[in-house]
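Participant: My structure file start_35.cif, mmCIF, C-alpha atoms and all ligand atoms, is below:
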```
data_input
#
loop_
_atom_site.label_atom_id
_atom_site.label_comp_id
_atom_site.auth_asym_id
_atom_site.auth_seq_id
_atom_site.Cartn_x
_atom_site.Cartn_y
_atom_site.Cartn_z
CA MET A 1054 68.84 102.82 130.19
CA ASN A 1055 72.24 104.54 129.90
CA LEU A 1056 71.27 108.21 129.55
CA ALA A 1057 74.79 109.54 129.05
CA LEU A 1058 75.32 107.40 125.96
CA HIS A 1059 71.74 107.51 124.70
CA THR A 1060 71.53 108.66 121.05
CA THR A 1061 69.00 108.54 118.22
CA ILE A 1062 70.42 105.10 117.37
CA CYS A 1063 69.09 103.75 120.68
CA ASP A 1064 65.62 105.14 119.95
CA ARG A 1065 65.59 103.97 116.38
CA PHE A 1066 66.56 100.38 117.15
CA ARG A 1067 65.48 100.08 120.78
CA ALA A 1068 69.10 99.40 121.74
CA GLU A 1069 70.49 100.20 125.18
CA VAL A 1070 73.84 101.46 123.91
CA PRO A 1071 74.83 102.91 120.51
CA ILE A 1072 77.39 100.19 119.83
CA PHE A 1073 77.29 98.18 116.60
CA GLY A 1074 79.15 94.88 116.67
CA PHE A 1075 80.26 93.53 113.28
CA ALA A 1076 81.22 89.85 113.09
CA HIS A 1077 81.20 86.90 110.75
CA SER A 1078 80.14 84.76 113.72
CA LEU A 1079 76.40 84.41 114.31
CA GLU A 1080 77.03 83.72 118.02
CA VAL A 1081 78.82 87.07 118.38
CA VAL A 1082 76.10 88.93 116.49
CA ALA A 1083 73.42 87.49 118.75
CA ALA A 1084 75.46 88.20 121.89
CA VAL A 1085 76.06 91.85 120.89
CA THR A 1086 72.34 92.44 120.54
CA GLU A 1087 71.62 90.55 123.77
CA ALA A 1088 74.14 92.78 125.57
CA GLY A 1089 72.23 95.90 124.49
CA GLY A 1090 74.07 96.78 121.27
CA ILE A 1091 73.26 96.00 117.65
CA GLY A 1092 74.81 92.90 116.11
CA ILE A 1093 75.68 92.97 112.40
CA TRP A 1094 76.40 89.70 110.61
CA GLY A 1095 79.13 89.89 107.96
CA ALA A 1096 77.83 87.51 105.29
CA THR A 1097 79.73 88.55 102.19
CA ARG A 1098 81.26 85.09 101.89
CA ASN A 1099 78.04 83.20 102.54
CA THR A 1100 75.83 81.66 99.89
CA PRO A 1101 72.22 82.86 99.52
CA GLU A 1102 71.04 79.62 101.17
CA GLU A 1103 73.34 80.20 104.17
CA ILE A 1104 72.13 83.80 104.38
CA ILE A 1105 68.51 82.66 104.55
CA ASP A 1106 69.34 80.12 107.29
CA GLY A 1107 71.56 82.51 109.25
CA LEU A 1108 68.99 85.30 109.28
CA ALA A 1109 66.26 82.87 110.35
CA TRP A 1110 68.51 81.65 113.20
CA LEU A 1111 69.12 85.22 114.36
CA ARG A 1112 65.43 86.07 114.20
CA ASP A 1113 64.56 82.96 116.24
CA ARG A 1114 67.18 83.74 118.85
CA LEU A 1115 66.62 87.51 119.07
CA GLY A 1116 62.92 87.93 118.39
CA ASP A 1117 62.20 91.63 117.83
CA ALA A 1118 65.57 92.83 119.10
CA PRO A 1119 67.70 94.68 116.51
CA PHE A 1120 70.25 93.02 114.26
CA GLY A 1121 71.53 93.42 110.72
CA ILE A 1122 73.49 91.90 107.89
CA ASP A 1123 76.50 93.27 106.00
CA LEU A 1124 77.23 92.51 102.35
CA VAL A 1125 80.17 93.68 100.28
CA LEU A 1126 78.93 94.59 96.80
CA PRO A 1127 81.89 96.06 94.90
CA SER A 1128 81.44 97.34 91.36
CA GLY A 1129 83.32 95.92 88.38
CA MET A 1130 82.98 92.22 89.26
CA PRO A 1131 82.54 89.63 86.46
CA GLU A 1132 79.00 88.84 85.36
CA ARG A 1133 79.11 85.13 86.31
CA ASP A 1134 80.85 82.70 88.64
CA ASP A 1135 83.25 81.35 86.00
CA ARG A 1136 86.38 80.33 87.89
CA ALA A 1137 88.08 78.74 84.87
CA ALA A 1138 87.81 81.98 82.87
CA LEU A 1139 89.39 83.93 85.74
CA GLU A 1140 92.16 81.39 86.29
CA ALA A 1141 93.08 81.53 82.61
CA GLN A 1142 93.97 85.20 83.05
CA ILE A 1143 96.17 84.81 86.13
CA PRO A 1144 99.84 85.42 85.19
CA ASN A 1145 102.25 82.49 85.64
CA HIS A 1146 104.47 84.63 87.84
CA HIS A 1147 101.64 84.88 90.38
CA THR A 1148 100.74 81.20 90.28
CA SER A 1149 104.36 80.17 90.73
CA PHE A 1150 104.78 82.58 93.65
CA VAL A 1151 101.87 80.93 95.49
CA ALA A 1152 103.30 77.50 94.56
CA SER A 1153 106.62 78.56 96.08
CA LEU A 1154 104.86 79.51 99.34
CA ARG A 1155 103.12 76.15 99.32
CA ALA A 1156 106.47 74.37 99.06
CA LYS A 1157 108.24 76.62 101.59
CA TYR A 1158 105.62 76.23 104.34
CA GLY A 1159 104.47 72.69 103.50
CA VAL A 1160 100.86 73.62 102.76
CA PRO A 1161 99.10 70.54 101.33
CA ASP A 1162 97.18 70.92 98.08
CA ASP A 1163 94.00 69.21 99.29
CA GLY A 1164 91.86 70.32 96.36
CA LEU A 1165 89.39 72.17 98.57
CA PRO A 1166 88.44 75.84 98.38
CA GLY A 1167 88.90 78.45 101.10
CA THR A 1168 86.60 81.23 102.25
CA ARG A 1169 87.72 83.49 99.40
CA SER A 1170 87.44 80.87 96.67
CA ARG A 1171 84.31 78.95 97.66
CA PHE A 1172 82.57 81.04 95.01
CA VAL A 1173 83.76 83.75 92.66
CA ARG A 1174 82.67 87.23 93.59
CA SER A 1175 80.38 88.01 90.62
CA GLN A 1176 77.42 90.19 89.75
CA GLN A 1177 75.24 87.08 89.64
CA MET A 1178 76.20 86.01 93.18
CA ALA A 1179 75.80 89.56 94.52
CA ASP A 1180 72.27 89.71 93.05
CA ARG A 1181 71.37 86.38 94.64
CA GLN A 1182 72.79 87.36 98.04
CA LEU A 1183 70.93 90.65 97.90
CA ARG A 1184 67.68 88.88 96.95
CA ALA A 1185 68.05 86.59 100.00
CA VAL A 1186 68.45 89.65 102.23
CA LEU A 1187 65.60 91.63 100.67
CA ASP A 1188 63.22 88.67 100.99
CA SER A 1189 64.10 88.25 104.68
CA GLU A 1190 62.88 90.12 107.73
CA VAL A 1191 66.30 91.48 108.68
CA PRO A 1192 65.76 95.14 109.62
CA ILE A 1193 69.24 96.49 108.76
CA LEU A 1194 71.28 96.07 105.57
CA ALA A 1195 74.85 97.37 105.83
CA MET A 1196 77.20 97.57 102.88
CA GLY A 1197 80.98 97.74 102.94
CA VAL A 1198 82.98 98.87 99.85
CA GLY A 1199 80.27 100.76 97.92
CA SER A 1200 76.50 101.01 98.22
CA PRO A 1201 74.90 100.41 94.80
CA ALA A 1202 71.77 102.51 94.27
CA ALA A 1203 69.65 99.48 93.31
CA ALA A 1204 70.54 97.68 96.55
CA VAL A 1205 69.82 100.78 98.62
CA GLN A 1206 66.48 101.34 96.91
CA GLY A 1207 65.47 97.68 97.14
CA ALA A 1208 66.14 97.66 100.88
CA LYS A 1209 64.36 100.94 101.49
CA ASP A 1210 61.32 99.78 99.51
CA ARG A 1211 61.08 96.89 101.98
CA GLY A 1212 61.37 99.17 105.00
CA LYS A 1213 64.93 98.19 105.88
CA CYS A 1214 67.44 100.61 107.33
CA VAL A 1215 70.40 101.04 104.97
CA VAL A 1216 73.85 101.52 106.45
CA ALA A 1217 76.81 102.46 104.21
CA LEU A 1218 80.43 102.07 105.31
CA VAL A 1219 82.50 104.90 103.87
CA GLY A 1220 86.22 105.60 104.02
CA ALA A 1221 86.46 108.97 102.25
CA PRO A 1222 84.34 112.16 102.10
CA LYS A 1223 83.52 111.66 98.41
CA HIS A 1224 82.03 108.24 99.21
CA ALA A 1225 79.87 109.85 101.88
CA ARG A 1226 78.36 112.17 99.28
CA SER A 1227 77.43 109.33 96.93
CA ALA A 1228 76.08 107.17 99.78
CA VAL A 1229 73.84 110.02 100.94
CA GLU A 1230 72.71 110.67 97.36
CA SER A 1231 71.83 107.00 96.90
CA GLY A 1232 69.65 107.17 100.03
CA ALA A 1233 71.64 105.57 102.87
CA ASP A 1234 69.99 106.04 106.27
CA ILE A 1235 73.17 105.81 108.36
CA LEU A 1236 76.83 106.23 107.41
CA VAL A 1237 79.69 104.43 109.11
CA ALA A 1238 82.84 106.57 108.90
CA GLN A 1239 85.38 103.77 108.78
CA GLY A 1240 88.96 104.97 109.14
CA TYR A 1241 92.37 103.66 108.08
CA ASP A 1242 92.82 102.20 111.59
CA ALA A 1243 90.05 99.62 111.00
CA GLY A 1244 90.41 95.89 110.57
CA ALA A 1245 89.89 94.39 107.08
CA HIS A 1246 89.18 96.51 103.97
CA THR A 1247 90.00 100.08 104.79
CA GLY A 1248 91.00 103.34 103.13
CA GLU A 1249 93.67 105.99 103.56
CA ILE A 1250 92.27 108.40 106.17
CA GLY A 1251 92.62 107.88 109.92
CA THR A 1252 89.41 107.63 111.90
CA PHE A 1253 89.93 110.85 113.87
CA SER A 1254 90.51 112.83 110.65
CA LEU A 1255 87.80 111.06 108.70
CA ALA A 1256 84.82 111.18 111.06
CA PRO A 1257 84.35 114.99 111.23
CA GLN A 1258 84.63 115.25 107.44
CA ILE A 1259 82.02 112.55 106.93
CA ILE A 1260 79.76 114.19 109.49
CA ALA A 1261 80.09 117.49 107.61
CA GLN A 1262 79.16 115.77 104.32
CA ALA A 1263 76.31 113.74 105.79
CA GLY A 1264 73.93 116.60 106.59
CA ASP A 1265 70.98 115.11 108.47
CA VAL A 1266 72.12 111.54 107.94
CA PRO A 1267 73.49 110.13 111.23
CA VAL A 1268 77.09 108.94 111.33
CA VAL A 1269 78.68 106.13 113.34
CA VAL A 1270 82.45 105.93 113.91
CA ALA A 1271 84.49 102.79 113.10
CA GLY A 1272 88.16 101.95 113.04
CA GLY A 1273 90.49 101.64 115.99
CA VAL A 1274 87.79 101.85 118.66
CA GLY A 1275 88.79 99.72 121.62
CA CYS A 1276 88.09 101.75 124.75
CA GLY A 1277 85.29 103.84 126.19
CA SER A 1278 86.99 107.23 125.97
CA GLN A 1279 86.93 106.74 122.18
CA VAL A 1280 83.17 106.10 122.40
CA ALA A 1281 82.80 109.39 124.29
CA ALA A 1282 85.06 111.09 121.72
CA ALA A 1283 82.94 109.75 118.86
CA LEU A 1284 79.83 111.27 120.45
CA ALA A 1285 81.71 114.54 121.03
CA LEU A 1286 82.61 114.62 117.33
CA GLY A 1287 78.90 114.55 116.56
CA ALA A 1288 78.56 110.85 115.79
CA VAL A 1289 75.61 108.82 117.08
CA GLY A 1290 77.52 105.67 117.92
CA VAL A 1291 80.47 103.39 117.26
CA TRP A 1292 81.01 100.26 115.15
CA LEU A 1293 83.58 97.64 116.18
CA GLY A 1294 84.94 94.55 114.46
CA THR A 1295 88.29 93.55 115.97
CA ALA A 1296 87.06 93.53 119.58
CA TRP A 1297 84.88 90.44 119.09
CA LEU A 1298 87.77 88.26 117.88
CA PHE A 1299 88.82 88.12 121.54
CA THR A 1300 85.49 86.79 122.78
CA LYS A 1301 84.54 83.25 123.74
CA GLU A 1302 81.54 83.53 121.45
CA HIS A 1303 83.82 84.04 118.44
CA ALA A 1304 85.77 80.83 119.10
CA THR A 1305 88.89 82.16 117.34
CA HIS A 1306 91.47 79.47 116.58
CA PRO A 1307 93.83 79.31 119.62
CA VAL A 1308 96.96 80.05 117.55
CA VAL A 1309 95.31 83.10 115.98
CA LEU A 1310 93.95 84.23 119.34
CA ASP A 1311 97.43 84.04 120.79
CA LYS A 1312 98.82 86.15 117.92
CA LEU A 1313 96.03 88.69 118.44
CA ILE A 1314 96.62 88.84 122.18
CA ARG A 1315 100.33 89.45 121.66
CA ALA A 1316 99.77 92.08 118.93
CA SER A 1317 100.02 95.79 119.68
CA SER A 1318 98.56 98.54 117.48
CA SER A 1319 101.77 98.64 115.46
CA ASP A 1320 101.58 94.92 114.65
CA THR A 1321 99.03 95.26 111.86
CA THR A 1322 99.62 96.00 108.20
CA ARG A 1323 97.50 96.79 105.17
CA LEU A 1324 97.96 94.28 102.38
CA ARG A 1325 96.32 93.73 98.96
CA ALA A 1326 97.38 90.08 98.91
CA ASP A 1327 94.14 88.58 100.26
CA SER A 1328 91.48 90.14 98.05
CA GLY A 1329 93.10 92.69 95.76
CA LYS A 1330 91.92 95.57 97.98
CA THR A 1331 93.84 96.89 100.99
CA LEU A 1332 93.01 94.70 103.98
CA ARG A 1333 94.31 95.44 107.48
CA GLN A 1334 95.49 92.31 109.29
CA ILE A 1335 98.02 91.24 111.89
CA LYS A 1336 101.58 90.89 110.62
CA THR A 1337 102.52 87.26 109.97
CA ALA A 1338 104.72 85.28 107.62
CA TRP A 1339 101.93 85.81 105.03
CA SER A 1340 102.34 89.59 105.08
CA ASP A 1341 106.14 89.30 105.28
CA GLU A 1342 106.17 87.21 102.10
CA TRP A 1343 103.95 89.62 100.13
CA GLU A 1344 105.83 92.67 101.36
CA ARG A 1345 109.17 91.38 100.01
CA PRO A 1346 110.38 93.42 97.01
CA THR A 1347 110.48 90.23 94.93
CA ALA A 1348 106.82 89.38 95.55
CA PRO A 1349 104.42 90.00 92.67
CA THR A 1350 102.02 92.94 92.81
CA PRO A 1351 98.67 91.54 93.94
CA LEU A 1352 95.99 91.22 91.27
CA LYS A 1353 92.73 93.10 91.42
CA MET A 1354 89.57 91.66 92.99
CA PRO A 1355 88.32 88.96 92.30
CA TYR A 1356 91.47 87.55 90.62
CA GLN A 1357 93.50 87.75 93.83
CA ASP A 1358 90.70 85.95 95.74
CA ILE A 1359 91.00 83.06 93.32
CA LEU A 1360 94.81 83.13 93.21
CA VAL A 1361 95.16 82.72 96.99
CA GLY A 1362 91.76 81.42 98.17
CA ASP A 1363 92.40 77.66 98.07
CA PHE A 1364 95.89 78.16 99.53
CA LEU A 1365 94.60 80.17 102.49
CA GLY A 1366 91.84 77.62 103.04
CA ALA A 1367 94.46 74.86 103.26
CA VAL A 1368 96.53 76.98 105.67
CA GLU A 1369 93.52 77.02 108.02
CA ARG A 1370 92.51 73.40 107.53
CA HIS A 1371 96.05 72.13 108.12
CA GLU A 1372 96.88 74.73 110.78
CA ILE A 1373 100.10 76.01 109.17
CA GLU A 1374 101.15 78.09 112.16
CA PRO A 1375 103.36 80.81 110.59
CA LEU A 1376 100.66 81.67 108.05
CA LEU A 1377 97.60 81.54 110.35
CA LYS A 1378 96.30 85.08 110.62
CA SER A 1379 93.33 87.36 111.04
CA GLU A 1380 92.07 90.69 109.87
CA ALA A 1381 92.49 93.15 112.73
CA GLY A 1382 92.43 96.88 113.25
CA GLN A 1383 94.82 99.02 115.27
CA SER A 1384 92.27 98.55 118.05
CA VAL A 1385 93.95 95.16 118.55
CA GLY A 1386 96.22 96.91 121.08
CA PHE A 1387 93.32 97.41 123.49
CA PHE A 1388 92.63 93.71 123.97
CA ASN A 1389 94.97 91.29 125.69
CA GLU A 1390 92.88 88.39 126.95
CA LEU A 1391 90.01 86.09 126.10
CA THR A 1392 86.78 87.78 127.16
CA THR A 1393 83.06 87.76 126.39
CA VAL A 1394 80.88 89.99 124.27
CA ALA A 1395 78.96 91.20 127.33
CA ASP A 1396 82.21 92.10 129.09
CA VAL A 1397 83.47 94.11 126.11
CA ILE A 1398 80.23 96.10 125.96
CA ALA A 1399 80.17 96.61 129.72
CA ARG A 1400 83.78 97.85 129.71
CA LEU A 1401 83.25 100.23 126.79
CA THR A 1402 80.09 101.59 128.36
CA GLY A 1403 81.62 102.03 131.83
CA GLU A 1404 84.73 103.74 130.44
CA ALA A 1405 82.64 106.01 128.22
CA ASP A 1406 80.54 107.03 131.21
CA ASP A 1407 83.71 107.82 133.16
CA ALA A 1408 85.16 109.83 130.27
CA LEU A 1409 81.99 111.89 129.91
CA ALA A 1410 81.78 112.48 133.66
CA ALA A 1411 85.43 113.60 133.74
CA LEU A 1412 84.70 116.01 130.90
CA THR A 1413 81.77 117.51 132.79
CA ARG A 1414 83.87 117.87 135.95
CA ARG A 1415 86.65 119.54 133.99
CA SER A 1416 84.33 122.02 132.29
CA SER A 1417 82.67 122.94 135.61
CA VAL A 1418 85.96 123.69 137.37
CA GLN A 1419 86.02 127.42 138.22
CA VAL A 1420 89.03 129.35 136.97
C1 LIG A 1501 87.80 89.97 111.09
C2 LIG A 1501 87.15 91.14 110.41
C3 LIG A 1501 86.41 90.92 109.26
C4 LIG A 1501 85.77 91.99 108.63
N1 LIG A 1501 85.00 91.76 107.51
C5 LIG A 1501 84.25 92.77 107.00
C6 LIG A 1501 83.30 92.51 105.96
O1 LIG A 1501 83.17 91.38 105.48
N2 LIG A 1501 82.51 93.55 105.55
C7 LIG A 1501 82.62 94.81 106.10
O2 LIG A 1501 81.85 95.70 105.70
N3 LIG A 1501 83.51 95.08 107.07
C8 LIG A 1501 84.32 94.09 107.54
N4 LIG A 1501 85.19 94.35 108.55
C9 LIG A 1501 85.35 95.73 109.04
C10 LIG A 1501 84.33 96.05 110.15
O3 LIG A 1501 83.05 96.21 109.59
C11 LIG A 1501 84.68 97.35 110.89
O4 LIG A 1501 84.56 98.46 110.02
C12 LIG A 1501 86.06 97.38 111.50
O5 LIG A 1501 86.34 96.16 112.12
C13 LIG A 1501 86.15 98.52 112.52
O6 LIG A 1501 87.45 98.70 113.01
P1 LIG A 1501 88.07 97.80 114.20
O7 LIG A 1501 88.45 96.55 113.53
O8 LIG A 1501 89.24 98.59 114.67
O9 LIG A 1501 87.02 97.63 115.24
C14 LIG A 1501 85.87 93.30 109.18
C15 LIG A 1501 86.65 93.50 110.33
C16 LIG A 1501 87.29 92.45 110.94
C17 LIG A 1501 88.11 92.70 112.17
#
```
Would you kindly transcribe this structure into C-alpha cells?
Ligand SMILES: Cc1cc2nc3c(=O)[nH]c(=O)nc-3n(C[C@H](O)[C@H](O)[C@H](O)COP(=O)(O)O)c2cc1C

Facilitator:
Amino acid sequence: MNLALHTTICDRFRAEVPIFGFAHSLEVVAAVTEAGGIGIWGATRNTPEEIIDGLAWLRDRLGDAPFGIDLVLPSGMPERDDRAALEAQIPNHHTSFVASLRAKYGVPDDGLPGTRSRFVRSQQMADRQLRAVLDSEVPILAMGVGSPAAAVQGAKDRGKCVVALVGAPKHARSAVESGADILVAQGYDAGAHTGEIGTFSLAPQIIAQAGDVPVVVAGGVGCGSQVAAALALGAVGVWLGTAWLFTKEHATHPVVLDKLIRASSSDTTRLRADSGKTLRQIKTAWSDEWERPTAPTPLKMPYQDILVGDFLGAVERHEIEPLLKSEAGQSVGFFNELTTVADVIARLTGEADDALAALTRRSSVQV
C-alpha cells in the first residue's frame, strides 16, 4: 500500500492509488484497475447492447476490483433518433462546407457512419444506455456534461457510486444538490469536452462548493508533482484521459500516435466542430479548416454530430492523414513515447512520492 498517496478513494474502492483512468478502450480500463487505480470506461458512443457486453467483459476480467462507466447525458437533446428530421434542418452552407473538405482532402463518401453519427444523441438513446448501466453490476457511474437528477437517483437506488464531472463552480452546486457522491473538477486544460476555467483555478473553487463531497482533479495532469499538488489542494485523487492514448493497451492508430508524441501542450485547441460543444484536441488540418474566418459557425449538439459524423468516420476508415486526429488535453506535453498503463501509473506514483518527500524536507529545514 502507498501510504503517502492513500486517500478515502483508496478505502472506498479498495484501490492502491487514487488515480482514475478514463478511456474508451476496455483494455485500458482493465489495465488501470489491474495497476492499482480505477478504470472508467467512456461508453457514451456505445449502444445499450455494447454497454451490457462491455460491462460483463470488465466484470469477468476484474472480478471484484473497482471499475466504472462514464455516460454523457446532456440536456436538450431530441426525443428520438430521427436522423432525417435533423438533417432537414442543417443549413446548406454547412453541408457544402463539409462537401468542400471531402473534395479537398479526397475523403471517399462510403455511405457508412462514424462514431458520432452511428446513432443520434437523443433522449430515447440516453434512457436506454442508462437502463443498461442501472441493470448491470458496475459499481461506479460517472457523468460528463451534466448529471440529471433521475440518473443520479436511479444509480444511488441501486447502490452505485455517482461521479459528476464539473467544469464550473455553479455546476458543482447542482451536482451536489442532485446527490453526486464524488465530483471531478475538470479544468480547461483537459482533453475532449471542457469548460473555461483552468484546472489550478477550478479545483479549489469546486472543493469549496463541494462541502463533504470528495473532489478529484482532472485536466492537464501528466506528472506526479501534479498528483501531489492535487492532494495538497484538498482533492482525494486525480482523473486522467490523455495519458492512456500513449499506451500499448490503447492501440492508438500509428499516425495519430505520432502526432500525439510530437505535440506539446501548446499544440491543442478547443473546437466546437466535432460535437457542437467545445472539445480539446490536437491541432490538425481539421482544426485549421474550422478555425478559418470563412468556415461556418458549428451547429449545436446533436446537429454538428450528424453534419460531420460520417465524414470523420470516413477519414478514419480511409486513413486521410492530414485529418486524422485525437482529443487530447494540455497534458499531452508530458508524454513522448509509447508506454504501458502500468508504467504510467508507476511513474505518476513514484514522482508524487518524490514531490511529497521534497515538500516534507523543505518544511523541516530549520531557518
Ligand atoms: C480521447 C478522450 C476522450 C474523452 N471522452 C470523454 C467522454 O466521452 N466523456 C467524458 O466524461 N470525458 C471524456 N474525456 C475527458 C476525460 O474524462 C478527462 O476529464 C480528461 O481527459 C482529463 O484531462 P487530460 O486529458 O488532460 O488527462 C475524454 C478525454 C480524452 C483524452

Participant: To one decimal in Å, tell me the separation between CA of Ser1417 (chain A) and CA of Leu1286 (chain A).

Facilitator: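 Result for CA of Ser1417 (chain A) versus CA of Leu1286 (chain A): 20.1 Å, one decimal.
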
Participant: If I take CA of Glu1372 (chain A) and CA of Pro1351 (chain A), how far is one from the other in Å, to one decimal?

Facilitator: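 Separation of CA of Glu1372 (chain A) and CA of Pro1351 (chain A): 23.9 Å.
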
Participant: Return as an MDAnalysis selection string every polymer residue, whether protein, DNA or RNA, with at least one atom no more than 9 Å from an atom of ligand LIG 1501 (chain A); count all atoms listed in the file.

Facilitator: chainID A and resid 1074:1077 1093:1098 1123:1125 1195:1198 1217:1218 1237:1247 1270:1275 1291:1298 1332:1334 1379:1385

Participant: Mind giving me the straight-line distance from CA of Ser1340 (chain A) to CA of Asp1162 (chain A) in Å, one decimal?

Facilitator: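 These two atoms are separated by 20.6 Å.
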
Participant: Using all atoms listed in the file, which of A:Gly1386, A:Pro1307, A:Gly1251, A:Pro1355 sits nearest Val1173 (chain A)?

Facilitator: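 Of the candidates, the smallest distance to Val1173 (chain A) is held by A:Pro1355.
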
Participant: Please identify all polymer residues within 12 Å of Gly1264 (chain A), counting all atoms listed in the file, omitting same-chain residues fewer than 2 positions from it, and present them as a ChimeraX atom specification.

Facilitator: /A:1225-1226,1228-1230,1233-1236,1257-1262,1266-1268,1287-1288

Participant: Here is a test: counting all atoms listed in the file, which residue of A:Ser1175, A:Thr1086, A:Gln1279, A:Ser1189 is nearest to Ala1395 (chain A)?

Facilitator: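 Distance minimum relative to Ala1395 (chain A) lands on A:Thr1086.
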
Participant: Which residue is closest to Gly1329 (chain A)? Choose from A:His1306, A:Lys1353, A:Arg1370, A:Arg1211 and count only C-alpha atoms.

Facilitator: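 Ranking A:His1306, A:Lys1353, A:Arg1370, A:Arg1211 by distance to Gly1329 (chain A), first place goes to A:Lys1353.
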
Participant: So that I can check the surroundings of Glu1069 (chain A), please list as a list in words every protein, DNA and RNA residue that reaches within 9 Å of it, counting only C-alpha atoms and ignoring chain neighbours fewer than 6 positions away.

Facilitator: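 Using only C-alpha atoms, the neighbours found are Met1054, Asn1055, Leu1058, His1059, Cys1063, Ala1088, Gly1089 and Gly1090 of chain A.
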
Participant: Go through region 1219-1293 of chain A and flag each residue having an atom no more than 12 Å from region 1412-1415 of chain A; for those, report the closest pair of atoms plus their distance in Å to one decimal, using only C-alpha atoms, ordered by chain and rising number, as JSON lines.

Facilitator:
```
{"residue": "A:Ser1278", "atom": "CA", "partner": "A:Leu1412", "partner_atom": "CA", "distance": 10.3}
{"residue": "A:Ala1281", "atom": "CA", "partner": "A:Leu1412", "partner_atom": "CA", "distance": 9.5}
{"residue": "A:Ala1282", "atom": "CA", "partner": "A:Leu1412", "partner_atom": "CA", "distance": 10.4}
{"residue": "A:Ala1285", "atom": "CA", "partner": "A:Leu1412", "partner_atom": "CA", "distance": 10.4}
```

Participant: Given the choices A:Val1269, A:Lys1330, A:Asp1113, A:Gly1403, which gets closest to Gly1290 (chain A) if the distance is worked out from only C-alpha atoms?

Facilitator: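 Comparing A:Val1269, A:Lys1330, A:Asp1113, A:Gly1403 against Gly1290 (chain A), the winner is A:Val1269.
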
Participant: Please return as a list in words every residue within 8 Å of (69.6, 104.7, 115.2), taking into account all atoms listed in the file and the file's own coordinates.

Facilitator: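 Those residues lying close to the given coordinates are Thr1060, Thr1061, Ile1062, Cys1063, Asp1064, Arg1065, Phe1066, Pro1071, Ile1235, Pro1267 and Val1289 of chain A.
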
Participant: Write the selection just made, keeping C-alpha atoms, as a compact mmCIF listing (two decimals), in the coordinates of the input?

Facilitator:
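File produced: again.txt:
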```txt
# COMPACT_ATOMS: atom_id res chain seq x y z
CA THR A 1060 71.53 108.66 121.05
CA THR A 1061 69.00 108.54 118.22
CA ILE A 1062 70.42 105.10 117.37
CA CYS A 1063 69.09 103.75 120.68
CA ASP A 1064 65.62 105.14 119.95
CA ARG A 1065 65.59 103.97 116.38
CA PHE A 1066 66.56 100.38 117.15
CA PRO A 1071 74.83 102.91 120.51
CA ILE A 1235 73.17 105.81 108.36
CA PRO A 1267 73.49 110.13 111.23
CA VAL A 1289 75.61 108.82 117.08
```

Participant: Which residue out of A:Ile1359, A:Leu1255, A:Val1070, A:Leu1377 has the minimum interatomic distance to Leu1310 (chain A) when all atoms listed in the file are used?

Facilitator: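 Using all atoms listed in the file, the shortest distance to Leu1310 (chain A) belongs to A:Leu1377.
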
Participant: Using only C-alpha atoms for the distances, tell me which of A:Gln1357, A:Ser1416, A:Gln1176, A:Gln1182 is nearest to Pro1131 (chain A).

Facilitator: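 Answer, going by the shortest atom-to-atom distance: A:Gln1176.
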
Participant: Name the residues within 12 Å of (101.5, 71.6, 102.1), counting only C-alpha atoms in the file's coordinates, and put them as a PDB file with C-alpha atoms, keeping the file's coordinate frame.

Facilitator:
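And here's selection.pdb as it stands now:
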```pdb
ATOM      1  CA  VAL A1151     101.870  80.930  95.490  1.00  0.00           C
ATOM      2  CA  ALA A1152     103.300  77.500  94.560  1.00  0.00           C
ATOM      3  CA  SER A1153     106.620  78.560  96.080  1.00  0.00           C
ATOM      4  CA  LEU A1154     104.860  79.510  99.340  1.00  0.00           C
ATOM      5  CA  ARG A1155     103.120  76.150  99.320  1.00  0.00           C
ATOM      6  CA  ALA A1156     106.470  74.370  99.060  1.00  0.00           C
ATOM      7  CA  LYS A1157     108.240  76.620 101.590  1.00  0.00           C
ATOM      8  CA  TYR A1158     105.620  76.230 104.340  1.00  0.00           C
ATOM      9  CA  GLY A1159     104.470  72.690 103.500  1.00  0.00           C
ATOM     10  CA  VAL A1160     100.860  73.620 102.760  1.00  0.00           C
ATOM     11  CA  PRO A1161      99.100  70.540 101.330  1.00  0.00           C
ATOM     12  CA  ASP A1162      97.180  70.920  98.080  1.00  0.00           C
ATOM     13  CA  ASP A1163      94.000  69.210  99.290  1.00  0.00           C
ATOM     14  CA  GLY A1164      91.860  70.320  96.360  1.00  0.00           C
ATOM     15  CA  ASP A1363      92.400  77.660  98.070  1.00  0.00           C
ATOM     16  CA  PHE A1364      95.890  78.160  99.530  1.00  0.00           C
ATOM     17  CA  LEU A1365      94.600  80.170 102.490  1.00  0.00           C
ATOM     18  CA  GLY A1366      91.840  77.620 103.040  1.00  0.00           C
ATOM     19  CA  ALA A1367      94.460  74.860 103.260  1.00  0.00           C
ATOM     20  CA  VAL A1368      96.530  76.980 105.670  1.00  0.00           C
ATOM     21  CA  GLU A1369      93.520  77.020 108.020  1.00  0.00           C
ATOM     22  CA  ARG A1370      92.510  73.400 107.530  1.00  0.00           C
ATOM     23  CA  HIS A1371      96.050  72.130 108.120  1.00  0.00           C
ATOM     24  CA  GLU A1372      96.880  74.730 110.780  1.00  0.00           C
ATOM     25  CA  ILE A1373     100.100  76.010 109.170  1.00  0.00           C
ATOM     26  CA  GLU A1374     101.150  78.090 112.160  1.00  0.00           C
ATOM     27  CA  LEU A1376     100.660  81.670 108.050  1.00  0.00           C
TER      28      LEU A1376
END
```
